[in-house]
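Structure data follow from coords01.csv (CSV, C-alpha atoms and all ligand atoms):
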chain,number,residue,atom,x,y,z
P,3,MET,CA,-87.4,11.7,52.4
P,4,ALA,CA,-84.4,13.9,51.7
P,5,LEU,CA,-81.1,12.3,50.4
P,6,ASN,CA,-79.3,13.0,53.6
P,7,ASP,CA,-82.0,11.3,55.7
P,8,ILE,CA,-81.9,8.2,53.4
P,9,GLN,CA,-78.1,8.1,53.7
P,10,ASN,CA,-78.2,8.4,57.5
P,11,GLU,CA,-80.9,5.7,57.7
P,12,ILE,CA,-78.6,3.4,55.6
P,13,LEU,CA,-75.6,4.1,57.8
P,14,LYS,CA,-77.6,3.4,61.0
P,15,LEU,CA,-79.2,0.2,59.7
P,16,LYS,CA,-76.0,-1.2,58.3
P,17,LYS,CA,-74.2,-0.7,61.6
P,18,GLU,CA,-77.1,-2.3,63.6
P,19,LYS,CA,-77.2,-5.3,61.2
P,20,ASP,CA,-73.4,-5.7,60.6
P,21,ILE,CA,-73.7,-5.1,56.9
P,22,CYS,CA,-70.8,-4.1,54.6
P,23,ILE,CA,-71.6,-2.1,51.5
P,24,LEU,CA,-69.2,-2.5,48.5
P,25,ALA,CA,-69.6,-0.2,45.5
P,26,HIS,CA,-68.0,-0.2,42.1
P,27,CYS,CA,-66.6,3.2,41.0
P,28,TYR,CA,-69.3,3.5,38.4
P,29,GLN,CA,-72.0,3.9,41.1
P,30,THR,CA,-73.4,7.4,41.7
P,31,PRO,CA,-71.9,9.8,44.2
P,32,ASP,CA,-74.8,9.3,46.7
P,33,ILE,CA,-74.0,5.6,46.9
P,34,VAL,CA,-70.2,6.0,46.9
P,35,GLU,CA,-70.6,8.3,49.9
P,36,ILE,CA,-72.3,5.6,52.1
P,37,ALA,CA,-70.2,2.6,50.9
P,38,ASP,CA,-67.6,1.0,53.2
P,39,PHE,CA,-65.4,0.3,50.2
P,40,VAL,CA,-65.3,1.7,46.6
P,41,GLY,CA,-63.0,0.3,44.0
P,42,ASP,CA,-62.4,-1.1,40.5
P,43,SER,CA,-63.2,-4.8,39.8
P,44,PHE,CA,-59.9,-6.1,41.0
P,45,ALA,CA,-59.9,-4.1,44.3
P,46,LEU,CA,-63.5,-5.2,45.0
P,47,SER,CA,-62.5,-8.8,44.5
P,48,VAL,CA,-59.6,-8.5,47.0
P,49,GLU,CA,-61.9,-6.7,49.4
P,50,ALA,CA,-64.5,-9.4,49.0
P,51,SER,CA,-62.0,-12.0,50.3
P,52,LYS,CA,-61.3,-9.9,53.4
P,53,VAL,CA,-64.7,-8.6,54.6
P,54,LYS,CA,-65.5,-9.3,58.3
P,55,ASN,CA,-69.2,-8.4,58.4
P,56,LYS,CA,-71.8,-11.2,58.2
P,57,THR,CA,-73.7,-9.6,55.3
P,58,VAL,CA,-72.4,-7.9,52.2
P,59,ILE,CA,-74.4,-5.7,49.8
P,60,MET,CA,-72.9,-5.2,46.3
P,61,CYS,CA,-73.7,-2.0,44.5
P,62,GLY,CA,-72.5,-2.9,41.0
P,63,VAL,CA,-73.4,-5.7,38.6
P,64,ARG,CA,-74.2,-9.4,39.1
P,65,PHE,CA,-70.8,-10.9,38.4
P,66,MET,CA,-69.4,-8.6,41.2
P,67,ALA,CA,-71.9,-9.9,43.7
P,68,GLU,CA,-71.1,-13.5,42.6
P,69,THR,CA,-67.4,-12.8,43.1
P,70,VAL,CA,-68.1,-11.9,46.8
P,71,LYS,CA,-70.2,-15.0,47.3
P,72,ILE,CA,-67.5,-17.2,45.6
P,73,LEU,CA,-64.8,-15.9,48.0
P,74,SER,CA,-66.9,-15.6,51.1
P,75,PRO,CA,-69.5,-18.4,51.0
P,76,GLU,CA,-70.3,-18.1,54.7
P,77,LYS,CA,-71.6,-14.6,54.2
P,78,THR,CA,-75.1,-13.5,53.1
P,79,VAL,CA,-74.5,-11.6,49.9
P,80,TYR,CA,-77.0,-9.3,48.1
P,81,LEU,CA,-77.0,-7.6,44.8
P,82,ALA,CA,-78.7,-4.3,45.6
P,83,ASN,CA,-80.7,-4.2,42.4
P,84,PRO,CA,-81.3,-7.7,40.8
P,85,ASP,CA,-81.6,-6.2,37.3
P,86,ALA,CA,-78.0,-5.0,37.3
P,87,GLY,CA,-76.3,-7.4,34.9
P,88,CYS,CA,-73.3,-6.9,32.7
P,89,PRO,CA,-74.1,-7.5,29.0
P,90,MET,CA,-70.5,-8.6,28.4
P,91,ALA,CA,-70.7,-11.2,31.1
P,92,GLU,CA,-73.7,-12.8,29.4
P,93,MET,CA,-72.1,-12.8,25.9
P,94,MET,CA,-70.4,-16.2,26.2
P,95,ASP,CA,-71.5,-19.3,28.0
P,96,LYS,CA,-69.8,-22.4,29.2
P,97,GLU,CA,-70.9,-24.6,26.2
P,98,LEU,CA,-69.4,-22.2,23.7
P,99,ILE,CA,-66.1,-22.0,25.5
P,100,GLU,CA,-65.9,-25.8,25.9
P,101,GLN,CA,-66.2,-26.0,22.1
P,102,VAL,CA,-63.6,-23.3,21.5
P,103,LYS,CA,-61.2,-25.1,23.9
P,104,LYS,CA,-61.4,-28.2,21.7
P,105,GLN,CA,-60.0,-26.1,18.9
P,106,TYR,CA,-57.2,-24.8,21.1
P,107,PRO,CA,-56.4,-27.5,23.5
P,108,ASP,CA,-52.9,-26.2,24.4
P,109,TYR,CA,-54.1,-22.7,25.2
P,110,THR,CA,-54.5,-21.3,28.8
P,111,VAL,CA,-58.0,-19.8,29.1
P,112,VAL,CA,-57.8,-16.3,30.6
P,113,ALA,CA,-61.3,-15.0,31.5
P,114,TYR,CA,-62.0,-11.3,32.2
P,115,ILE,CA,-63.8,-11.2,35.5
P,116,ASN,CA,-66.8,-9.9,33.6
P,117,THR,CA,-68.1,-13.5,33.1
P,118,THR,CA,-70.7,-15.7,34.8
P,119,SER,CA,-69.6,-18.0,37.6
P,120,GLU,CA,-70.6,-21.0,35.4
P,121,LEU,CA,-68.3,-19.9,32.6
P,122,LYS,CA,-65.4,-19.4,35.0
P,123,THR,CA,-65.6,-23.1,35.9
P,124,VAL,CA,-64.1,-24.0,32.5
P,125,CYS,CA,-61.4,-21.3,32.5
P,126,ASP,CA,-57.9,-21.3,34.0
P,127,VAL,CA,-57.5,-17.8,35.5
P,128,CYS,CA,-59.5,-14.6,35.8
P,129,VAL,CA,-58.1,-11.1,35.2
P,130,THR,CA,-59.4,-7.5,35.5
P,131,SER,CA,-58.5,-4.5,33.5
P,132,SER,CA,-55.9,-3.5,36.2
P,133,SER,CA,-54.4,-6.9,36.6
P,134,ALA,CA,-54.5,-8.5,33.1
P,135,LEU,CA,-51.1,-7.4,31.9
P,136,LYS,CA,-49.3,-8.6,35.1
P,137,ILE,CA,-51.2,-11.9,35.2
P,138,CYS,CA,-50.8,-12.8,31.5
P,139,ASN,CA,-47.1,-12.0,31.8
P,140,SER,CA,-46.7,-14.3,34.8
P,141,LEU,CA,-48.4,-17.3,33.3
P,142,ASP,CA,-46.1,-20.2,32.3
P,143,SER,CA,-48.0,-20.7,29.1
P,144,ASP,CA,-47.2,-18.6,26.0
P,145,LYS,CA,-50.5,-19.5,24.3
P,146,ILE,CA,-53.5,-17.6,25.7
P,147,LEU,CA,-57.1,-17.8,24.8
P,148,PHE,CA,-58.5,-14.5,26.1
P,149,ILE,CA,-62.2,-14.2,26.7
P,150,PRO,CA,-64.7,-12.4,26.3
P,151,ASP,CA,-63.3,-8.8,25.8
P,152,ARG,CA,-61.6,-8.6,22.4
P,153,ASN,CA,-60.5,-5.0,23.1
P,154,LEU,CA,-58.8,-5.6,26.4
P,155,GLY,CA,-57.3,-8.8,25.0
P,156,SER,CA,-55.8,-7.1,22.0
P,157,TYR,CA,-54.5,-4.2,24.2
P,158,ILE,CA,-52.7,-6.8,26.4
P,159,ALA,CA,-51.6,-8.9,23.4
P,160,LYS,CA,-49.9,-5.9,21.7
P,161,GLN,CA,-47.7,-5.5,24.8
P,162,MET,CA,-46.7,-9.2,24.8
P,163,PRO,CA,-45.4,-10.0,21.4
P,164,ASN,CA,-43.6,-13.1,23.0
P,165,LYS,CA,-47.0,-14.7,23.6
P,166,GLU,CA,-49.6,-16.0,21.1
P,167,PHE,CA,-53.2,-14.7,21.8
P,168,LYS,CA,-56.5,-16.0,20.4
P,169,LEU,CA,-59.3,-13.5,20.9
P,170,LEU,CA,-63.1,-14.0,20.6
P,171,SER,CA,-65.5,-11.2,19.5
P,172,GLY,CA,-67.0,-10.1,22.8
P,173,GLY,CA,-66.8,-6.8,24.6
P,174,CYS,CA,-68.4,-4.0,26.6
P,175,PRO,CA,-71.2,-2.4,24.6
P,176,THR,CA,-70.8,0.9,26.5
P,177,HIS,CA,-67.0,1.4,25.9
P,178,ALA,CA,-66.9,-0.3,22.4
P,179,ARG,CA,-69.4,2.3,21.1
P,180,MET,CA,-66.7,5.0,21.3
P,181,SER,CA,-65.0,5.9,18.0
P,182,ALA,CA,-61.9,7.8,16.8
P,183,SER,CA,-64.2,10.5,15.7
P,184,ASP,CA,-65.6,10.9,19.2
P,185,VAL,CA,-62.0,11.4,20.4
P,186,LYS,CA,-61.1,13.9,17.6
P,187,LYS,CA,-64.2,15.9,18.4
P,188,ALA,CA,-63.5,16.0,22.2
P,189,LYS,CA,-59.8,16.9,21.5
P,190,ALA,CA,-60.8,19.7,19.1
P,191,GLU,CA,-63.1,21.1,21.9
P,192,HIS,CA,-60.5,20.7,24.6
P,193,PRO,CA,-57.1,21.0,23.0
P,194,ASN,CA,-55.2,21.2,26.3
P,195,ALA,CA,-56.8,18.2,27.9
P,196,LEU,CA,-55.1,14.9,28.4
P,197,PHE,CA,-57.1,11.9,27.1
P,198,LEU,CA,-57.4,9.0,29.7
P,199,VAL,CA,-59.1,5.8,28.5
P,200,HIS,CA,-60.3,2.4,29.6
P,201,PRO,CA,-58.9,-0.6,27.7
P,202,GLU,CA,-62.4,-1.9,27.0
P,203,CYS,CA,-62.5,0.8,24.2
P,204,VAL,CA,-61.6,-0.2,20.6
P,205,GLU,CA,-58.0,-0.2,19.6
P,206,GLU,CA,-58.1,3.0,17.5
P,207,VAL,CA,-59.5,4.9,20.5
P,208,VAL,CA,-57.0,3.4,22.9
P,209,GLU,CA,-54.1,4.3,20.5
P,210,MET,CA,-55.1,8.0,20.8
P,211,ALA,CA,-54.8,8.0,24.6
P,212,ASP,CA,-52.2,9.7,26.9
P,213,TYR,CA,-53.0,7.1,29.6
P,214,VAL,CA,-54.8,3.7,29.5
P,215,GLY,CA,-56.0,2.1,32.7
P,216,SER,CA,-58.8,0.7,34.8
P,217,THR,CA,-61.4,3.0,36.4
P,218,THR,CA,-59.3,3.6,39.6
P,219,GLY,CA,-56.1,3.8,37.4
P,220,ILE,CA,-57.8,6.7,35.5
P,221,MET,CA,-58.9,8.4,38.7
P,222,ASN,CA,-55.4,8.1,40.3
P,223,TYR,CA,-53.7,9.3,37.2
P,224,ALA,CA,-55.9,12.4,37.0
P,225,LYS,CA,-55.6,13.2,40.7
P,226,ASN,CA,-51.8,12.9,40.7
P,227,SER,CA,-51.2,14.6,37.4
P,228,ASP,CA,-50.0,18.3,37.2
P,229,ALA,CA,-52.3,18.7,34.1
P,230,LYS,CA,-55.5,20.7,34.7
P,231,GLU,CA,-57.8,19.3,32.0
P,232,PHE,CA,-58.8,15.7,31.1
P,233,ILE,CA,-61.1,14.0,28.6
P,234,ILE,CA,-62.4,10.8,30.4
P,235,GLY,CA,-62.8,7.8,28.1
P,236,THR,CA,-64.7,5.6,30.5
P,237,GLU,CA,-68.2,5.5,32.1
P,238,ASN,CA,-69.3,9.1,32.9
P,239,SER,CA,-69.7,8.5,36.6
P,240,ILE,CA,-65.9,8.8,36.7
P,241,VAL,CA,-66.2,12.4,35.4
P,242,SER,CA,-68.6,13.2,38.3
P,243,HIS,CA,-66.3,11.6,41.0
P,244,LEU,CA,-63.2,13.4,39.6
P,245,GLN,CA,-65.1,16.7,39.5
P,246,LEU,CA,-66.0,16.3,43.2
P,247,SER,CA,-62.5,15.2,44.4
P,248,CYS,CA,-60.5,17.7,42.2
P,249,PRO,CA,-62.7,20.9,41.9
P,250,ASP,CA,-59.6,22.8,40.7
P,251,LYS,CA,-59.3,20.6,37.5
P,252,MET,CA,-61.6,20.2,34.5
P,253,PHE,CA,-63.0,16.9,33.4
P,254,TYR,CA,-64.9,16.3,30.2
P,255,PRO,CA,-66.7,13.1,29.1
P,256,LEU,CA,-65.4,11.6,25.9
P,257,SER,CA,-69.1,11.3,25.0
P,258,LYS,CA,-72.4,12.0,26.7
P,259,ASP,CA,-73.3,8.4,25.6
P,260,LEU,CA,-70.6,6.8,27.7
P,261,ILE,CA,-73.1,5.6,30.3
P,262,CYS,CA,-73.6,2.0,31.5
P,263,HIS,CA,-77.3,1.7,32.2
P,264,ASN,CA,-76.7,-1.5,34.2
P,265,MET,CA,-74.3,0.3,36.5
P,266,LYS,CA,-76.8,3.2,36.8
P,267,ILE,CA,-79.8,1.1,37.6
P,268,THR,CA,-79.0,0.8,41.3
P,269,THR,CA,-80.4,3.8,43.3
P,270,ILE,CA,-79.8,4.9,46.8
P,271,VAL,CA,-83.4,3.8,47.6
P,272,ASP,CA,-82.5,0.3,46.4
P,273,VAL,CA,-79.7,0.3,48.9
P,274,LEU,CA,-82.0,1.5,51.6
P,275,ASN,CA,-84.5,-1.2,50.8
P,276,CYS,CA,-81.8,-3.8,50.7
P,277,VAL,CA,-80.4,-2.9,54.2
P,278,LYS,CA,-84.0,-2.9,55.4
P,279,GLY,CA,-84.3,-6.5,54.0
P,280,ILE,CA,-87.2,-5.7,51.7
P,281,SER,CA,-85.4,-5.8,48.3
P,282,GLY,CA,-82.2,-6.9,46.6
P,283,GLU,CA,-81.4,-10.4,45.6
P,284,GLU,CA,-79.6,-12.9,47.7
P,285,ILE,CA,-76.8,-14.6,45.7
P,286,ILE,CA,-77.1,-18.4,45.9
P,287,LEU,CA,-74.5,-20.5,44.0
P,288,ASP,CA,-74.3,-24.2,43.4
P,289,GLU,CA,-71.3,-25.4,45.4
P,290,ASP,CA,-69.6,-27.1,42.4
P,291,VAL,CA,-69.9,-23.9,40.4
P,292,ARG,CA,-68.7,-21.8,43.3
P,293,LEU,CA,-65.6,-24.0,43.8
P,294,GLY,CA,-64.9,-24.2,40.0
P,295,ALA,CA,-65.1,-20.4,39.7
P,296,LYS,CA,-63.1,-19.8,42.9
P,297,ARG,CA,-60.1,-21.6,41.4
P,298,CYS,CA,-59.8,-18.9,38.7
P,299,ILE,CA,-60.4,-16.0,41.1
P,300,ASP,CA,-58.0,-17.3,43.7
P,301,LYS,CA,-55.3,-17.6,41.0
P,302,MET,CA,-56.0,-14.0,39.9
P,303,ILE,CA,-55.6,-12.7,43.4
P,304,GLU,CA,-52.4,-14.7,43.9
P,305,LEU,CA,-50.8,-13.5,40.6
P,306,GLY,CA,-52.3,-10.0,40.6
K,1,LIG,P1,-62.6,-2.0,36.1
K,1,LIG,O1,-63.4,-1.9,37.3
K,1,LIG,O2,-61.7,-3.1,36.1
K,1,LIG,O3,-62.0,-0.7,35.6
K,1,LIG,O4,-63.7,-2.4,34.9
K,1,LIG,C1,-64.6,-1.5,34.5
K,1,LIG,C2,-65.9,-2.2,34.1
K,1,LIG,O5,-66.4,-2.1,33.1
K,1,LIG,C3,-66.5,-3.0,35.2
K,1,LIG,O6,-67.6,-3.6,34.7
K,2,LIG,FE1,-70.4,-4.5,31.7
K,2,LIG,FE2,-69.4,-2.5,30.3
K,2,LIG,FE3,-71.3,-2.0,32.1
K,2,LIG,FE4,-68.8,-2.7,32.9
K,2,LIG,S1,-69.4,-0.8,31.8
K,2,LIG,S2,-70.7,-3.4,33.7
K,2,LIG,S3,-68.3,-4.1,31.2
K,2,LIG,S4,-71.5,-3.2,30.3

Could you take the file, read its structure, and then write that structure out as structure tokens?
Amino acid sequence: MALNDIQNEILKLKKEKDICILAHCYQTPDIVEIADFVGDSFALSVEASKVKNKTVIMCGVRFMAETVKILSPEKTVYLANPDAGCPMAEMMDKELIEQVKKQYPDYTVVAYINTTSELKTVCDVCVTSSSALKICNSLDSDKILFIPDRNLGSYIAKQMPNKEFKLLSGGCPTHARMSASDVKKAKAEHPNALFLVHPECVEEVVEMADYVGSTTGIMNYAKNSDAKEFIIGTENSIVSHLQLSCPDKMFYPLSKDLICHNMKITTIVDVLNCVKGISGEEIILDEDVRLGAKRCIDKMIELG
């Protein structure tokens, strides 16, 4: 079957079956083209609370599909490819954080949304890369235990010297792999390019950037900038999306290794099979877990 035929079949079936397809920006262009909504983690969460269709298919990773189910329990929610997990979300569990909380009883626990639903039940508020600064700033508490991404946490902490941050050593294996020497090499090859980076990268990489932001933050910056060349310090799908939407500008990956295999595991055929009802995993959450996690996500949407 040709790509176009697969895409048309998906569009026909999703209309017949009242399905909404949500895709994270790290999905491939063929999936992005047929999605009803494409965004970063924060925008997907907001969209998840507003969807009207009776079924939602998430093309992204597991915690994103769980977020949809948490916010819209009456909907049938599928993760298009059940193997798409986020390694960072699996790094810390509820038991570990309950122990850490005993050491820091007066700290507000801020959880990056890249966490399991179960872990969210023992946290106070969720954040995403695009909402973390605003939310941490608006919290009454000036003591923050930020989990699990040490890099995002330290990027936020540096901008808030008035608050005390405790960080744990978790993070995104894809972004954290990038080093200052990757940046020096890319800058030497493309001396006129601006360097745009995601705050999941390590501090020394973030410090070398012209702009720091979420996936959509990076895309919007590049689209609106008068500059013509950019080194992209986030997952390489953003390079492809920007090349397609701004063919008059040049985009270079910080490294050919900046690929999240979990985000890339979902294919257009997975999406086709999911709309057909022959694959994908329906997300089922225990009601106590759902309500416990919802508290943190609702607070994020309210403050963000
Ligand atoms: P954002 O979508 O918030 O930019 O996060 C990127 C990411 O790594 C998602 O897993
Ligand atoms: Fe998780 Fe990193 Fe992949 Fe995002 S890019 S899904 S944080 S492993």

Just checking: using all atoms listed in the file, which residue out of P:Glu205, P:Asn83, P:Ala188, P:Glu231 ends up closest to Tyr157 in chain P?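 Ranking P:Glu205, P:Asn83, P:Ala188, P:Glu231 by distance to Tyr157 in chain P, first place goes to P:Glu205.
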
Residue list as a VMD selection string for point (-60.6, -9.8, 19.2), cut-off 7 Å, all atoms listed in the file: chain P and resid 152 to 153 155 to 156 169 to 171

For CA of Thr130 in chain P and CA of Tyr223 in chain P, quote the distance in Å rounded to one decimal.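 Taking CA of Thr130 in chain P as the start and CA of Tyr223 in chain P as the end point, the length is 17.8 Å.
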
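Rounded to one decimal, CA of Pro201 in chain P and CA of Ser181 in chain P lie 13.2 Å from each other.
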
Which residues are near Glu191 in chain P? Cut-off 12 Å, all atoms listed in the file, ignore same chain within fewer than 5 positions. Put them as a CSV table (one decimal) with C-alpha atoms, in the frame of the given file.
chain,number,residue,atom,x,y,z
P,184,ASP,CA,-65.6,10.9,19.2
P,185,VAL,CA,-62.0,11.4,20.4
P,186,LYS,CA,-61.1,13.9,17.6
P,231,GLU,CA,-57.8,19.3,32.0
P,232,PHE,CA,-58.8,15.7,31.1
P,233,ILE,CA,-61.1,14.0,28.6
P,254,TYR,CA,-64.9,16.3,30.2
P,255,PRO,CA,-66.7,13.1,29.1
P,256,LEU,CA,-65.4,11.6,25.9
P,257,SER,CA,-69.1,11.3,25.0

Ligand LIG 1 (chain K) neighbours within 7 Å using only C-alpha atoms and all ligand atoms, as a list in words: His26, Asp42, Ser43, Phe44, Cys88, Asn116, Thr130, Ser131, Ser132, His200, Ser216, Thr217 and Thr218 of chain P

Around ligand LIG 2 (chain K), which protein and nucleic acid residues have at least one atom no more than 9 Å from it, if we count all atoms listed in the file? List them as number ranges by chain. P: 28, 62-65, 86-91, 116, 151, 173-178, 202, 236-237, 260-266

Could those selected residues go to a file with C-alpha atoms, as a short mmCIF file (atom, residue, chain, number, x, y, z; two decimals), in the coordinates of the input?
data_model
loop_
_atom_site.label_atom_id
_atom_site.label_comp_id
_atom_site.auth_asym_id
_atom_site.auth_seq_id
_atom_site.Cartn_x
_atom_site.Cartn_y
_atom_site.Cartn_z
CA TYR P 28 -69.30 3.50 38.40
CA GLY P 62 -72.50 -2.90 41.00
CA VAL P 63 -73.40 -5.70 38.60
CA ARG P 64 -74.20 -9.40 39.10
CA PHE P 65 -70.80 -10.90 38.40
CA ALA P 86 -78.00 -5.00 37.30
CA GLY P 87 -76.30 -7.40 34.90
CA CYS P 88 -73.30 -6.90 32.70
CA PRO P 89 -74.10 -7.50 29.00
CA MET P 90 -70.50 -8.60 28.40
CA ALA P 91 -70.70 -11.20 31.10
CA ASN P 116 -66.80 -9.90 33.60
CA ASP P 151 -63.30 -8.80 25.80
CA GLY P 173 -66.80 -6.80 24.60
CA CYS P 174 -68.40 -4.00 26.60
CA PRO P 175 -71.20 -2.40 24.60
CA THR P 176 -70.80 0.90 26.50
CA HIS P 177 -67.00 1.40 25.90
CA ALA P 178 -66.90 -0.30 22.40
CA GLU P 202 -62.40 -1.90 27.00
CA THR P 236 -64.70 5.60 30.50
CA GLU P 237 -68.20 5.50 32.10
CA LEU P 260 -70.60 6.80 27.70
CA ILE P 261 -73.10 5.60 30.30
CA CYS P 262 -73.60 2.00 31.50
CA HIS P 263 -77.30 1.70 32.20
CA ASN P 264 -76.70 -1.50 34.20
CA MET P 265 -74.30 0.30 36.50
CA LYS P 266 -76.80 3.20 36.80
#

If we count all atoms listed in the file and set the cut-off at 8 Å, which residues sit around Met94 in chain P, ignoring sequence neighbours fewer than 2 positions away in its own chain? Please answer as a PyMOL selection string. chain P and resi 90-92+96+98-99+117+121+150+172

One number please: CA of Glu100 in chain P to CA of Arg297 in chain P, in Å, one decimal. 17.1 Å

So, counting only C-alpha atoms, which residue among P:Leu147, P:Leu81, P:Pro107, P:Thr30 is closest to Gly282 in chain P?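 Of all the options, P:Leu81 lies closest to Gly282 in chain P.
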
Go through P:Ala37, P:Leu305, P:Cys61, P:Leu24 one by one, measure the shortest atom-to-atom distance of each to Leu141 in chain P using only C-alpha atoms, and give the residue with the smallest value. P:Leu305

Show me the residues around (-62.3, -20.7, 35.9) - criterion: an atom at most 9 Å away, all atoms listed in the file counted - as a PyMOL selection string. chain P and resi 111-113+119-128+294-299

Within 10 Å of Lys251 in chain P using only C-alpha atoms, minus same-chain residues under 4 positions, as a PyMOL selection string: chain P and resi 224-225+228-232+244-247

May I ask which of the residues P:Val271, P:Ile21, P:Ala159, P:Met60 is the closest one to Tyr80 in chain P, counting only C-alpha atoms? P:Met60

Which residue out of P:Asp108, P:Glu209, P:Lys136, P:Ala4 has the minimum interatomic distance to Glu304 in chain P when all atoms listed in the file are used?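 For Glu304 in chain P, the nearest of the candidates is P:Lys136.
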
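Checking P:Ile59, P:Leu196, P:Leu135, P:Leu73 one by one against Phe253 in chain P, counting all atoms listed in the file, you find the shortest gap at P:Leu196.
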